[in-house]
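Text of run-v5.csv, listed as CSV, C-alpha atoms:
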chain,number,residue,atom,x,y,z
A,1,MET,CA,-25.1,17.3,-6.9
A,2,GLY,CA,-25.4,13.5,-6.3
A,3,GLU,CA,-26.3,10.8,-8.8
A,4,TYR,CA,-29.5,10.8,-10.8
A,5,ASP,CA,-31.6,7.8,-9.8
A,6,LEU,CA,-34.2,6.5,-12.2
A,7,THR,CA,-36.3,3.4,-11.6
A,8,PHE,CA,-38.9,1.9,-13.9
A,9,ASP,CA,-40.5,-1.4,-14.9
A,10,ALA,CA,-39.4,-3.2,-18.1
A,11,MET,CA,-38.5,-6.7,-19.3
A,12,GLY,CA,-40.8,-8.2,-16.7
A,13,SER,CA,-38.7,-6.7,-13.8
A,14,HIS,CA,-37.4,-3.5,-12.3
A,15,VAL,CA,-34.8,-1.5,-14.1
A,16,ARG,CA,-32.7,1.1,-12.2
A,17,LEU,CA,-30.2,3.6,-13.5
A,18,LEU,CA,-27.8,5.6,-11.2
A,19,ILE,CA,-25.8,8.1,-13.1
A,20,GLY,CA,-23.2,10.5,-11.8
A,21,GLU,CA,-21.7,13.7,-13.1
A,22,PRO,CA,-21.3,14.1,-16.9
A,23,GLY,CA,-18.0,14.7,-18.6
A,24,PRO,CA,-17.3,17.9,-20.6
A,25,GLY,CA,-19.8,18.3,-23.3
A,26,MET,CA,-22.0,15.4,-22.2
A,27,ALA,CA,-25.7,15.5,-21.6
A,28,PRO,CA,-26.9,15.9,-18.0
A,29,ALA,CA,-27.4,12.7,-16.1
A,30,ALA,CA,-31.2,13.1,-16.1
A,31,ALA,CA,-31.2,13.3,-19.9
A,32,ALA,CA,-28.9,10.2,-20.2
A,33,ALA,CA,-31.2,8.3,-17.8
A,34,GLU,CA,-34.3,9.2,-19.9
A,35,GLN,CA,-32.4,8.0,-23.1
A,36,GLY,CA,-31.6,4.9,-21.2
A,37,ARG,CA,-35.2,4.3,-20.4
A,38,LEU,CA,-36.2,4.7,-24.0
A,39,PHE,CA,-33.5,2.3,-25.0
A,40,VAL,CA,-34.6,-0.4,-22.5
A,41,GLU,CA,-38.3,0.0,-23.6
A,42,ASP,CA,-37.3,-0.4,-27.2
A,43,PHE,CA,-35.2,-3.4,-26.3
A,44,ASP,CA,-38.1,-5.0,-24.5
A,45,ALA,CA,-40.5,-4.3,-27.4
A,46,THR,CA,-38.1,-5.8,-29.9
A,47,LEU,CA,-37.0,-8.9,-28.0
A,48,SER,CA,-39.9,-9.9,-25.8
A,49,ARG,CA,-41.2,-13.5,-26.2
A,50,PHE,CA,-44.5,-12.4,-24.7
A,51,LYS,CA,-45.4,-9.7,-27.2
A,52,PRO,CA,-46.7,-11.1,-30.5
A,53,GLU,CA,-45.8,-7.9,-32.4
A,54,SER,CA,-42.1,-8.1,-31.3
A,55,GLU,CA,-39.4,-8.7,-33.8
A,56,LEU,CA,-38.4,-11.9,-31.9
A,57,CYS,CA,-41.9,-13.4,-32.3
A,58,HIS,CA,-41.8,-12.5,-36.0
A,59,LEU,CA,-38.4,-14.1,-36.4
A,60,ASN,CA,-39.5,-17.3,-34.6
A,61,ALA,CA,-42.6,-17.5,-36.8
A,62,ASP,CA,-40.8,-16.8,-40.0
A,63,PRO,CA,-40.7,-19.9,-42.3
A,64,ARG,CA,-37.6,-18.8,-44.2
A,65,GLU,CA,-34.1,-20.0,-43.3
A,66,ARG,CA,-32.5,-16.5,-43.6
A,67,VAL,CA,-34.4,-13.5,-42.1
A,68,LEU,CA,-33.5,-9.9,-42.4
A,69,THR,CA,-33.3,-8.4,-38.8
A,70,SER,CA,-32.4,-5.3,-36.9
A,71,GLU,CA,-28.9,-5.0,-35.5
A,72,LEU,CA,-30.4,-5.2,-32.0
A,73,MET,CA,-31.9,-8.6,-32.9
A,74,ARG,CA,-28.5,-9.9,-34.2
A,75,ARG,CA,-26.7,-8.7,-31.1
A,76,ALA,CA,-29.3,-10.5,-28.9
A,77,ILE,CA,-28.8,-13.7,-30.9
A,78,GLU,CA,-25.1,-13.4,-30.5
A,79,ALA,CA,-25.5,-12.9,-26.8
A,80,GLY,CA,-27.6,-16.0,-26.5
A,81,LEU,CA,-25.0,-18.0,-28.5
A,82,PHE,CA,-22.2,-16.6,-26.3
A,83,ALA,CA,-24.0,-17.9,-23.2
A,84,ALA,CA,-24.6,-21.3,-24.8
A,85,GLU,CA,-21.0,-21.6,-25.9
A,86,ARG,CA,-19.7,-20.4,-22.5
A,87,SER,CA,-21.9,-22.8,-20.6
A,88,GLU,CA,-21.3,-25.7,-23.0
A,89,GLY,CA,-25.0,-25.8,-23.9
A,90,LEU,CA,-26.4,-25.5,-20.4
A,91,VAL,CA,-27.8,-22.0,-21.0
A,92,ASP,CA,-29.7,-23.0,-24.1
A,93,PRO,CA,-31.6,-20.3,-25.9
A,94,THR,CA,-33.7,-22.7,-28.0
A,95,LEU,CA,-35.9,-24.2,-25.2
A,96,VAL,CA,-38.9,-22.1,-26.2
A,97,GLY,CA,-41.2,-25.1,-26.7
A,98,GLU,CA,-40.1,-26.7,-23.4
A,99,ILE,CA,-40.7,-23.6,-21.3
A,100,GLU,CA,-44.1,-23.2,-22.9
A,101,GLU,CA,-44.9,-26.8,-22.1
A,102,ALA,CA,-43.8,-26.3,-18.5
A,103,GLY,CA,-46.5,-23.6,-18.3
A,104,TYR,CA,-44.6,-20.4,-18.9
A,105,VAL,CA,-46.5,-19.1,-21.9
A,106,ARG,CA,-47.3,-15.6,-20.8
A,107,SER,CA,-45.3,-13.0,-18.8
A,108,ARG,CA,-45.5,-13.6,-15.1
A,109,ALA,CA,-44.4,-10.1,-14.2
A,110,GLY,CA,-46.3,-8.9,-11.2
A,111,MET,CA,-47.7,-12.3,-10.5
A,112,ALA,CA,-47.1,-13.7,-7.0
A,113,GLY,CA,-45.2,-17.0,-7.2
A,114,LEU,CA,-45.8,-20.0,-5.0
A,115,PRO,CA,-43.6,-20.4,-1.9
A,116,LEU,CA,-40.2,-21.7,-2.7
A,117,ALA,CA,-40.1,-23.7,0.6
A,118,ASP,CA,-43.2,-25.7,-0.4
A,119,ALA,CA,-41.7,-26.3,-3.8
A,120,LEU,CA,-38.5,-27.6,-2.4
A,121,VAL,CA,-40.4,-30.1,-0.2
A,122,ASP,CA,-42.2,-31.5,-3.2
A,123,ALA,CA,-39.3,-31.3,-5.7
A,124,PRO,CA,-37.8,-34.4,-7.2
A,125,THR,CA,-34.4,-35.8,-6.4
A,126,ARG,CA,-31.7,-33.2,-6.9
A,127,ARG,CA,-29.3,-33.7,-9.8
A,128,PRO,CA,-27.2,-31.4,-12.0
A,129,ALA,CA,-28.7,-30.3,-15.3
A,130,SER,CA,-27.1,-31.4,-18.6
A,131,PRO,CA,-27.0,-30.0,-22.1
A,132,ARG,CA,-29.0,-31.4,-24.9
A,133,PRO,CA,-26.7,-33.7,-26.9
A,134,GLU,CA,-27.8,-32.4,-30.3
A,135,GLN,CA,-27.0,-28.7,-29.3
A,136,ARG,CA,-29.7,-27.2,-31.4
A,137,TRP,CA,-28.5,-23.7,-30.7
A,138,ARG,CA,-25.6,-24.3,-33.0
A,139,GLY,CA,-28.1,-24.0,-35.8
A,140,PHE,CA,-28.3,-20.3,-35.3
A,141,ALA,CA,-25.8,-17.9,-37.0
A,142,VAL,CA,-25.6,-14.2,-37.6
A,143,ASP,CA,-24.7,-12.7,-40.9
A,144,ASP,CA,-23.9,-9.1,-40.2
A,145,GLU,CA,-22.9,-8.3,-43.8
A,146,ALA,CA,-26.3,-9.3,-45.1
A,147,GLY,CA,-28.0,-8.1,-41.9
A,148,GLU,CA,-29.6,-11.6,-41.5
A,149,VAL,CA,-30.1,-14.3,-38.9
A,150,VAL,CA,-29.7,-17.8,-40.3
A,151,ARG,CA,-31.3,-20.9,-38.7
A,152,PRO,CA,-33.4,-23.9,-39.6
A,153,PRO,CA,-37.1,-22.8,-39.9
A,154,GLY,CA,-39.1,-23.7,-36.9
A,155,LEU,CA,-36.2,-23.5,-34.5
A,156,ARG,CA,-37.2,-20.8,-32.0
A,157,PHE,CA,-35.0,-18.5,-29.9
A,158,ASP,CA,-35.5,-17.0,-26.4
A,159,THR,CA,-33.3,-14.2,-25.2
A,160,GLY,CA,-34.3,-14.9,-21.6
A,161,GLY,CA,-31.9,-13.7,-18.9
A,162,THR,CA,-29.1,-13.1,-21.4
A,163,GLY,CA,-31.3,-10.3,-22.8
A,164,LYS,CA,-31.2,-8.5,-19.4
A,165,GLY,CA,-27.4,-8.8,-19.2
A,166,LEU,CA,-27.0,-7.6,-22.7
A,167,ALA,CA,-29.3,-4.6,-22.1
A,168,ALA,CA,-27.3,-3.6,-19.0
A,169,ASP,CA,-24.0,-3.8,-21.0
A,170,MET,CA,-25.4,-1.9,-24.0
A,171,LEU,CA,-26.7,0.8,-21.7
A,172,ALA,CA,-23.4,1.0,-19.9
A,173,ALA,CA,-21.6,1.5,-23.2
A,174,ASN,CA,-23.5,4.7,-23.6
A,175,LEU,CA,-22.6,6.0,-20.2
A,176,HIS,CA,-18.8,6.0,-20.5
A,177,GLY,CA,-17.6,9.5,-19.6
A,178,TYR,CA,-20.0,9.9,-16.6
A,179,SER,CA,-18.1,10.0,-13.3
A,180,ARG,CA,-19.9,6.8,-12.1
A,181,PHE,CA,-22.9,4.8,-13.0
A,182,ILE,CA,-24.7,1.6,-12.3
A,183,VAL,CA,-27.2,-0.1,-14.6
A,184,ASP,CA,-29.5,-2.7,-13.0
A,185,CYS,CA,-31.7,-4.7,-15.3
A,186,GLY,CA,-33.7,-7.0,-13.0
A,187,GLY,CA,-30.6,-8.0,-11.0
A,188,ASP,CA,-28.2,-8.1,-13.9
A,189,ILE,CA,-25.9,-5.2,-13.0
A,190,ARG,CA,-23.2,-3.3,-14.8
A,191,ILE,CA,-21.0,-0.8,-13.0
A,192,GLY,CA,-18.6,1.8,-14.5
A,193,GLY,CA,-17.0,5.2,-14.2
A,194,ALA,CA,-13.7,6.4,-12.9
A,195,ASP,CA,-15.1,7.5,-9.6
A,196,ALA,CA,-16.7,4.1,-8.9
A,197,LEU,CA,-13.1,2.7,-8.9
A,198,VAL,CA,-12.3,5.0,-6.0
A,199,HIS,CA,-15.6,4.8,-4.2
A,200,PRO,CA,-17.1,1.4,-5.1
A,201,TYR,CA,-20.8,0.8,-5.1
A,202,GLU,CA,-22.3,-1.5,-2.5
A,203,VAL,CA,-24.4,-4.2,-4.0
A,204,PHE,CA,-26.6,-6.3,-1.8
A,205,VAL,CA,-27.1,-9.9,-2.7
A,206,GLU,CA,-30.7,-11.0,-1.8
A,207,HIS,CA,-31.2,-14.3,-0.2
A,208,PRO,CA,-33.8,-16.3,-2.3
A,209,ILE,CA,-35.4,-18.0,0.7
A,210,THR,CA,-35.4,-15.4,3.4
A,211,GLY,CA,-35.3,-12.2,1.3
A,212,ASP,CA,-32.6,-10.8,3.6
A,213,ARG,CA,-29.3,-9.6,2.5
A,214,ALA,CA,-27.1,-12.6,2.1
A,215,HIS,CA,-23.9,-10.6,1.4
A,216,VAL,CA,-22.6,-7.2,0.6
A,217,LEU,CA,-20.3,-6.8,-2.4
A,218,ARG,CA,-18.4,-3.6,-3.0
A,219,LEU,CA,-17.8,-3.2,-6.7
A,220,GLY,CA,-15.9,-0.6,-8.7
A,221,SER,CA,-16.4,-2.0,-12.2
A,222,GLY,CA,-17.6,-5.0,-14.2
A,223,GLY,CA,-20.8,-7.0,-13.8
A,224,VAL,CA,-22.7,-9.0,-11.3
A,225,ALA,CA,-25.8,-11.1,-11.7
A,226,THR,CA,-28.0,-13.5,-9.8
A,227,SER,CA,-30.0,-16.4,-11.0
A,228,GLY,CA,-32.6,-18.0,-8.8
A,229,ILE,CA,-35.7,-20.1,-8.8
A,230,ASN,CA,-37.5,-18.3,-6.1
A,231,VAL,CA,-39.3,-15.6,-8.1
A,232,ARG,CA,-41.3,-17.5,-10.6
A,233,ILE,CA,-42.8,-20.7,-9.2
A,234,TRP,CA,-46.0,-22.2,-10.4
A,235,ARG,CA,-47.8,-25.6,-10.8
A,236,ASP,CA,-47.8,-27.2,-14.2
A,237,GLU,CA,-50.7,-29.1,-15.7
A,238,ARG,CA,-49.9,-32.2,-13.8
A,239,GLY,CA,-49.8,-30.2,-10.5
A,240,ARG,CA,-46.1,-30.4,-10.1
A,241,TYR,CA,-44.1,-27.3,-9.0
A,242,ALA,CA,-42.3,-25.7,-11.9
A,243,HIS,CA,-39.9,-22.7,-12.4
A,244,HIS,CA,-38.3,-21.0,-15.4
A,245,LEU,CA,-34.8,-22.5,-15.3
A,246,LEU,CA,-34.9,-25.7,-17.3
A,247,ASP,CA,-32.6,-28.7,-17.6
A,248,PRO,CA,-31.9,-28.8,-21.3
A,249,ALA,CA,-31.5,-32.5,-21.3
A,250,THR,CA,-35.1,-33.2,-19.9
A,251,GLY,CA,-36.8,-29.9,-20.9
A,252,GLU,CA,-38.1,-29.8,-17.3
A,253,PRO,CA,-37.4,-27.4,-14.4
A,254,ALA,CA,-34.0,-28.1,-12.9
A,255,TRP,CA,-33.8,-29.0,-9.2
A,256,THR,CA,-30.0,-29.1,-8.6
A,257,GLY,CA,-29.7,-28.5,-4.9
A,258,LEU,CA,-29.1,-24.8,-5.4
A,259,VAL,CA,-31.9,-22.2,-5.2
A,260,GLY,CA,-29.7,-19.2,-6.2
A,261,ALA,CA,-26.3,-18.3,-7.6
A,262,THR,CA,-24.6,-14.9,-7.8
A,263,ALA,CA,-21.6,-14.4,-10.1
A,264,LEU,CA,-19.1,-11.7,-10.9
A,265,GLY,CA,-17.9,-11.1,-14.4
A,266,ASP,CA,-16.3,-8.6,-16.7
A,267,SER,CA,-19.8,-7.7,-18.1
A,268,ALA,CA,-23.3,-8.2,-16.9
A,269,LEU,CA,-23.8,-10.8,-19.7
A,270,GLU,CA,-20.9,-12.8,-18.6
A,271,ALA,CA,-22.0,-12.6,-14.9
A,272,GLU,CA,-25.5,-13.7,-16.0
A,273,THR,CA,-24.2,-16.6,-17.9
A,274,LEU,CA,-21.9,-17.7,-15.1
A,275,SER,CA,-24.6,-17.5,-12.4
A,276,LYS,CA,-27.1,-19.4,-14.5
A,277,THR,CA,-24.6,-22.1,-15.4
A,278,ALA,CA,-23.6,-22.5,-11.8
A,279,LEU,CA,-27.1,-22.9,-10.6
A,280,LEU,CA,-27.9,-25.4,-13.3
A,281,SER,CA,-24.8,-27.3,-12.6
A,282,GLY,CA,-25.5,-27.9,-8.9
A,283,PRO,CA,-23.2,-27.3,-5.9
A,284,GLU,CA,-20.1,-29.3,-6.9
A,285,ARG,CA,-19.7,-28.1,-10.5
A,286,GLY,CA,-21.1,-24.7,-9.6
A,287,ARG,CA,-18.2,-24.2,-7.2
A,288,GLU,CA,-15.8,-24.7,-10.1
A,289,ILE,CA,-17.6,-22.4,-12.4
A,290,LEU,CA,-17.5,-19.5,-10.0
A,291,ALA,CA,-14.0,-20.2,-8.7
A,292,GLU,CA,-12.2,-17.8,-11.0
A,293,ARG,CA,-14.2,-14.6,-10.8
A,294,GLY,CA,-16.0,-15.3,-7.5
A,295,GLY,CA,-19.6,-15.6,-6.5
A,296,LEU,CA,-22.1,-17.1,-4.0
A,297,LEU,CA,-24.0,-20.3,-4.1
A,298,ILE,CA,-27.2,-20.6,-2.1
A,299,HIS,CA,-28.2,-24.1,-1.2
A,300,ASP,CA,-31.7,-25.6,-0.8
A,301,SER,CA,-31.0,-25.6,2.9
A,302,GLY,CA,-30.6,-21.8,2.8
A,303,ARG,CA,-26.8,-22.0,3.4
A,304,VAL,CA,-24.8,-19.3,1.7
A,305,GLU,CA,-21.5,-20.4,0.3
A,306,MET,CA,-18.8,-17.9,-0.8
A,307,VAL,CA,-16.8,-19.1,-3.7
A,308,GLY,CA,-13.5,-18.1,-5.4
A,309,PRO,CA,-12.1,-14.7,-4.5
A,310,LEU,CA,-15.0,-14.0,-2.2
A,311,ALA,CA,-14.2,-17.0,-0.1
A,312,VAL,CA,-10.4,-16.6,-0.2
A,313,ALA,CA,-9.8,-12.9,0.5
A,314,PRO,CA,-12.5,-11.3,2.5
A,315,ARG,CA,-11.3,-8.2,4.4
A,316,ILE,CA,-12.6,-8.7,7.8
A,317,ARG,CA,-13.0,-5.8,10.1
A,318,LEU,CA,-13.3,-6.8,13.8
A,319,PRO,CA,-13.7,-6.2,16.5
A,320,GLU,CA,-15.5,-2.9,16.9
A,321,VAL,CA,-15.8,-2.8,20.7
A,322,SER,CA,-18.1,-0.4,22.5
A,323,ARG,CA,-19.1,-0.2,26.1
B,1,MET,CA,22.2,20.8,100.1
B,2,THR,CA,23.9,20.1,96.9
B,3,GLU,CA,23.8,16.4,97.6
B,4,SER,CA,20.0,16.3,98.1
B,5,VAL,CA,19.2,18.2,94.9
B,6,ARG,CA,21.4,15.8,92.9
B,7,SER,CA,19.6,12.8,94.4
B,8,ARG,CA,16.1,14.0,93.2
B,9,ARG,CA,17.1,14.1,89.5
B,10,PRO,CA,15.9,11.1,87.5
B,11,ARG,CA,18.4,8.9,85.9
B,12,ALA,CA,19.4,9.7,82.4
B,13,SER,CA,18.6,6.2,81.1
B,14,LEU,CA,15.2,6.4,82.6
B,15,VAL,CA,14.5,9.7,80.8
B,16,PHE,CA,15.8,8.3,77.6
B,17,TRP,CA,13.7,5.2,77.5
B,18,GLY,CA,10.7,7.0,78.8
B,19,SER,CA,10.9,9.5,76.0
B,20,ILE,CA,11.2,6.7,73.5
B,21,LEU,CA,8.2,4.9,74.8
B,22,LEU,CA,6.1,8.1,74.9
B,23,PHE,CA,7.1,8.9,71.3
B,24,ALA,CA,6.2,5.4,70.2
B,25,ALA,CA,2.9,5.5,71.9
B,26,LEU,CA,2.0,8.9,70.5
B,27,PHE,CA,3.1,7.7,67.0
B,28,ALA,CA,1.0,4.6,67.2
B,29,LEU,CA,-2.0,6.7,68.3
B,30,LEU,CA,-1.5,9.1,65.3
B,31,VAL,CA,-1.2,6.2,62.9
B,32,TYR,CA,-4.4,4.6,64.3
B,33,ARG,CA,-6.3,7.9,64.1
B,34,PHE,CA,-5.1,8.5,60.6
B,35,SER,CA,-6.1,5.1,59.3
B,36,LEU,CA,-9.6,5.6,60.8
B,37,GLU,CA,-10.0,8.9,59.0
B,38,GLN,CA,-8.9,7.3,55.7
B,39,GLN,CA,-11.5,4.6,56.0
B,40,ALA,CA,-14.2,7.2,56.7
B,41,THR,CA,-13.4,9.2,53.6
B,42,GLN,CA,-13.4,6.2,51.2
B,43,PRO,CA,-16.7,5.8,49.0
B,44,THR,CA,-18.9,2.8,49.4
B,45,ALA,CA,-17.9,0.1,46.9
B,46,GLN,CA,-20.3,-0.4,44.0
B,47,THR,CA,-20.8,-3.4,41.8
B,48,VAL,CA,-19.8,-2.5,38.2
B,49,GLN,CA,-20.9,-4.7,35.4
B,50,VAL,CA,-18.7,-4.4,32.3
B,51,ARG,CA,-20.2,-5.6,29.1
B,52,LYS,CA,-18.4,-5.8,25.8
B,53,VAL,CA,-20.4,-5.6,22.6
B,54,ILE,CA,-18.5,-7.0,19.7
B,55,LYS,CA,-19.9,-6.2,16.3
B,56,ARG,CA,-18.5,-8.4,13.5
B,57,ARG,CA,-18.9,-7.2,9.9
B,58,VAL,CA,-17.5,-8.9,6.8
B,59,VAL,CA,-16.9,-6.6,3.9
B,60,THR,CA,-15.7,-8.0,0.6
B,61,THR,CA,-14.0,-5.5,-1.7
B,62,ILE,CA,-13.4,-6.5,-5.3
B,63,VAL,CA,-10.4,-4.7,-6.7
B,64,PRO,CA,-10.6,-4.4,-10.5
B,65,THR,CA,-8.1,-6.6,-12.2
B,66,PRO,CA,-5.7,-4.6,-14.4
B,67,GLY,CA,-6.5,-5.1,-18.0
B,68,ARG,CA,-10.1,-6.1,-17.3
B,69,ASN,CA,-12.9,-3.7,-17.8
B,70,SER,CA,-12.7,-2.6,-14.7
B,71,VAL,CA,-40.0,0.9,-26.5
B,72,SER,CA,-43.1,0.0,-24.7
B,73,SER,CA,-43.7,-1.0,-21.1
B,74,GLY,CA,-44.3,0.2,-17.6
B,75,PRO,CA,-44.3,3.7,-16.3
B,76,VAL,CA,-41.4,5.4,-14.5
B,77,SER,CA,-41.6,4.4,-10.8
B,78,SER,CA,-39.3,7.0,-9.4
B,79,ALA,CA,-36.6,9.5,-10.5
B,80,SER,CA,-34.5,11.8,-8.3
B,81,TYR,CA,-31.1,13.2,-7.6
B,82,SER,CA,-29.7,11.8,-4.5
B,83,SER,CA,-26.4,12.2,-2.6
B,84,GLY,CA,-26.8,9.0,-0.7
B,85,ALA,CA,-28.4,6.6,-3.1
B,86,ALA,CA,-30.4,3.6,-1.8
B,87,PRO,CA,-28.4,0.4,-2.1
B,88,VAL,CA,-28.6,-1.7,-5.3
B,89,THR,CA,-29.7,-5.3,-4.9
B,90,THR,CA,-29.0,-8.3,-7.1
B,91,GLY,CA,-31.5,-11.0,-6.9
B,92,ALA,CA,-33.4,-13.4,-9.2
B,93,SER,CA,-36.0,-11.7,-11.5

Structure rendered as structure tokens:
Amino acid sequence: MGEYDLTFDAMGSHVRLLIGEPGPGMAPAAAAAEQGRLFVEDFDATLSRFKPESELCHLNADPRERVLTSELMRRAIEAGLFAAERSEGLVDPTLVGEIEEAGYVRSRAGMAGLPLADALVDAPTRRPASPRPEQRWRGFAVDDEAGEVVRPPGLRFDTGGTGKGLAADMLAANLHGYSRFIVDCGGDIRIGGADALVHPYEVFVEHPITGDRAHVLRLGSGGVATSGINVRIWRDERGRYAHHLLDPATGEPAWTGLVGATALGDSALEAETLSKTALLSGPERGREILAERGGLLIHDSGRVEMVGPLAVAPRIRLPEVSR
Amino acid sequence: MTESVRSRRPRASLVFWGSILLFAALFALLVYRFSLEQQATQPTAQTVQVRKVIKRRVVTTIVPTPGRNSVSSGPVSSASYSSGAAPVTTGAS
């Protein structure tokens, strides 16, 4: 029997689970996939910024400094703080007011975005994004002993892309023991299983401008994620093109010279953090950020640049000659 | 009588050189005929166009580094067992 393949919509994007053979005494792959789906749906219901009944919305509205939360909420807060720390404040989970001001108040899942090519023509001068000097995110803390989240009242939190990476990693943790598996939460991907080390998965990197396959990665373990500005593009109240990746320093959409970045990491959360940091940093610094684990930068011009191990050690098979 | 018979015999050198010439002529004739036959049996030359098709494919394999680790929303879109799963794609979402 092959792998069980389950695809569904959640967290504003597509989620896909591919699960191989179970180990001794483990549930069949189909049952594990169904459990995974329930987990993702619960994750989404708890942490969505767009659902007023979600725990995240309640936390953001709570006037107290210390708020009793679920463990999932505390893990999500920790994931956001990890990303902020790792990116030195570029991936800032506290830009809720700014993203709403830019026009992203409701979920844009299923909505057709405006063409990226048009937005690039009208976009302002390219420049790297910068962190906010006051680093508001440092005001958040997790108290696991008390089961509480601590933060200044009024300071809101958005799990954003780090939520997808975290969801992929948490799901993957429940799949250890299966021969091979891949968890794809809207492009944030986690791979595992002993068999995947022997027969790696092929992961296609989508080109944000053409939609073609920009590259093929063969991965046996770890995480890979892509950040891009191509999916959600709209016009703000002033008629300017906007997207969902903000420059923390200005609170406005970041136009850095990159339209996409793909990163490899030990986990999906790390890969997600690295890809977003690279995109926000622009080509020069983005290259440095992806240098250790490897990744791709896709420039405004459409050029695909391989970085780090991907650029240094490709295995090239050629030529295959036929008459 | 003996004298006259002896006088009608051709000279030995004449016979020798005559034989050589006859052999050479017959040999040349044979070679000529043989070469004509060879040409007749050869196929007509054809123009053959050789084209090489070179396919280049770059495949990057990431080898896991030792020590590194190597509810409410939409309906289920699809579920199946597959032996050759469709490729997984990473892109912005």

Residue neighbourhood A:Gly12, 12 Å, only C-alpha atoms, exclusion window fewer than 6 positions, as a VMD selection string:
(chain A and resid 40 to 41 44 to 45 47 to 51 106 to 111 160 to 161 163 to 164 185 to 187 231 to 232) or (chain B and resid 72 to 74 92 to 93)

Shortest interatomic distance to A:Gly251 - which of A:Gly103, A:Pro309, A:Gly295, A:Gly177, counting all atoms listed in the file
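The closest residue to A:Gly251 is A:Gly103.
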
For atom CA of A:Ile229 and atom CA of A:Ala173, quote the distance in Å rounded to one decimal.
29.5 Å

Return stretch 172-184 of chain A, completed with N, CA and C atoms, as a PDB file, in the coordinates of the input.
ATOM      1  N   ALA A 172     -24.642   0.540 -20.517  1.00  0.00           N
ATOM      2  CA  ALA A 172     -23.400   1.000 -19.900  1.00  0.00           C
ATOM      3  C   ALA A 172     -22.438   1.567 -20.932  1.00  0.00           C
ATOM      4  N   ALA A 173     -22.453   0.992 -22.133  1.00  0.00           N
ATOM      5  CA  ALA A 173     -21.600   1.500 -23.200  1.00  0.00           C
ATOM      6  C   ALA A 173     -21.853   2.932 -23.530  1.00  0.00           C
ATOM      7  N   ASN A 174     -23.105   3.343 -23.354  1.00  0.00           N
ATOM      8  CA  ASN A 174     -23.500   4.700 -23.600  1.00  0.00           C
ATOM      9  C   ASN A 174     -23.214   5.666 -22.461  1.00  0.00           C
ATOM     10  N   LEU A 175     -22.785   5.129 -21.347  1.00  0.00           N
ATOM     11  CA  LEU A 175     -22.600   6.000 -20.200  1.00  0.00           C
ATOM     12  C   LEU A 175     -21.126   6.217 -19.836  1.00  0.00           C
ATOM     13  N   HIS A 176     -20.234   5.716 -20.693  1.00  0.00           N
ATOM     14  CA  HIS A 176     -18.800   6.000 -20.500  1.00  0.00           C
ATOM     15  C   HIS A 176     -18.588   7.487 -20.563  1.00  0.00           C
ATOM     16  N   GLY A 177     -17.850   8.027 -19.634  1.00  0.00           N
ATOM     17  CA  GLY A 177     -17.600   9.500 -19.600  1.00  0.00           C
ATOM     18  C   GLY A 177     -18.351  10.108 -18.403  1.00  0.00           C
ATOM     19  N   TYR A 178     -19.344   9.421 -17.863  1.00  0.00           N
ATOM     20  CA  TYR A 178     -20.000   9.900 -16.600  1.00  0.00           C
ATOM     21  C   TYR A 178     -19.066   9.455 -15.456  1.00  0.00           C
ATOM     22  N   SER A 179     -19.088  10.248 -14.399  1.00  0.00           N
ATOM     23  CA  SER A 179     -18.100  10.000 -13.300  1.00  0.00           C
ATOM     24  C   SER A 179     -18.331   8.600 -12.707  1.00  0.00           C
ATOM     25  N   ARG A 180     -19.574   8.159 -12.625  1.00  0.00           N
ATOM     26  CA  ARG A 180     -19.900   6.800 -12.100  1.00  0.00           C
ATOM     27  C   ARG A 180     -21.281   6.462 -12.528  1.00  0.00           C
ATOM     28  N   PHE A 181     -21.523   5.186 -12.673  1.00  0.00           N
ATOM     29  CA  PHE A 181     -22.900   4.800 -13.000  1.00  0.00           C
ATOM     30  C   PHE A 181     -23.091   3.304 -12.664  1.00  0.00           C
ATOM     31  N   ILE A 182     -24.334   2.963 -12.500  1.00  0.00           N
ATOM     32  CA  ILE A 182     -24.700   1.600 -12.300  1.00  0.00           C
ATOM     33  C   ILE A 182     -26.014   1.336 -13.042  1.00  0.00           C
ATOM     34  N   VAL A 183     -26.035   0.261 -13.791  1.00  0.00           N
ATOM     35  CA  VAL A 183     -27.200  -0.100 -14.600  1.00  0.00           C
ATOM     36  C   VAL A 183     -27.709  -1.457 -14.022  1.00  0.00           C
ATOM     37  N   ASP A 184     -28.923  -1.484 -13.560  1.00  0.00           N
ATOM     38  CA  ASP A 184     -29.500  -2.700 -13.000  1.00  0.00           C
ATOM     39  C   ASP A 184     -30.718  -3.112 -13.755  1.00  0.00           C
TER      40      ASP A 184
END
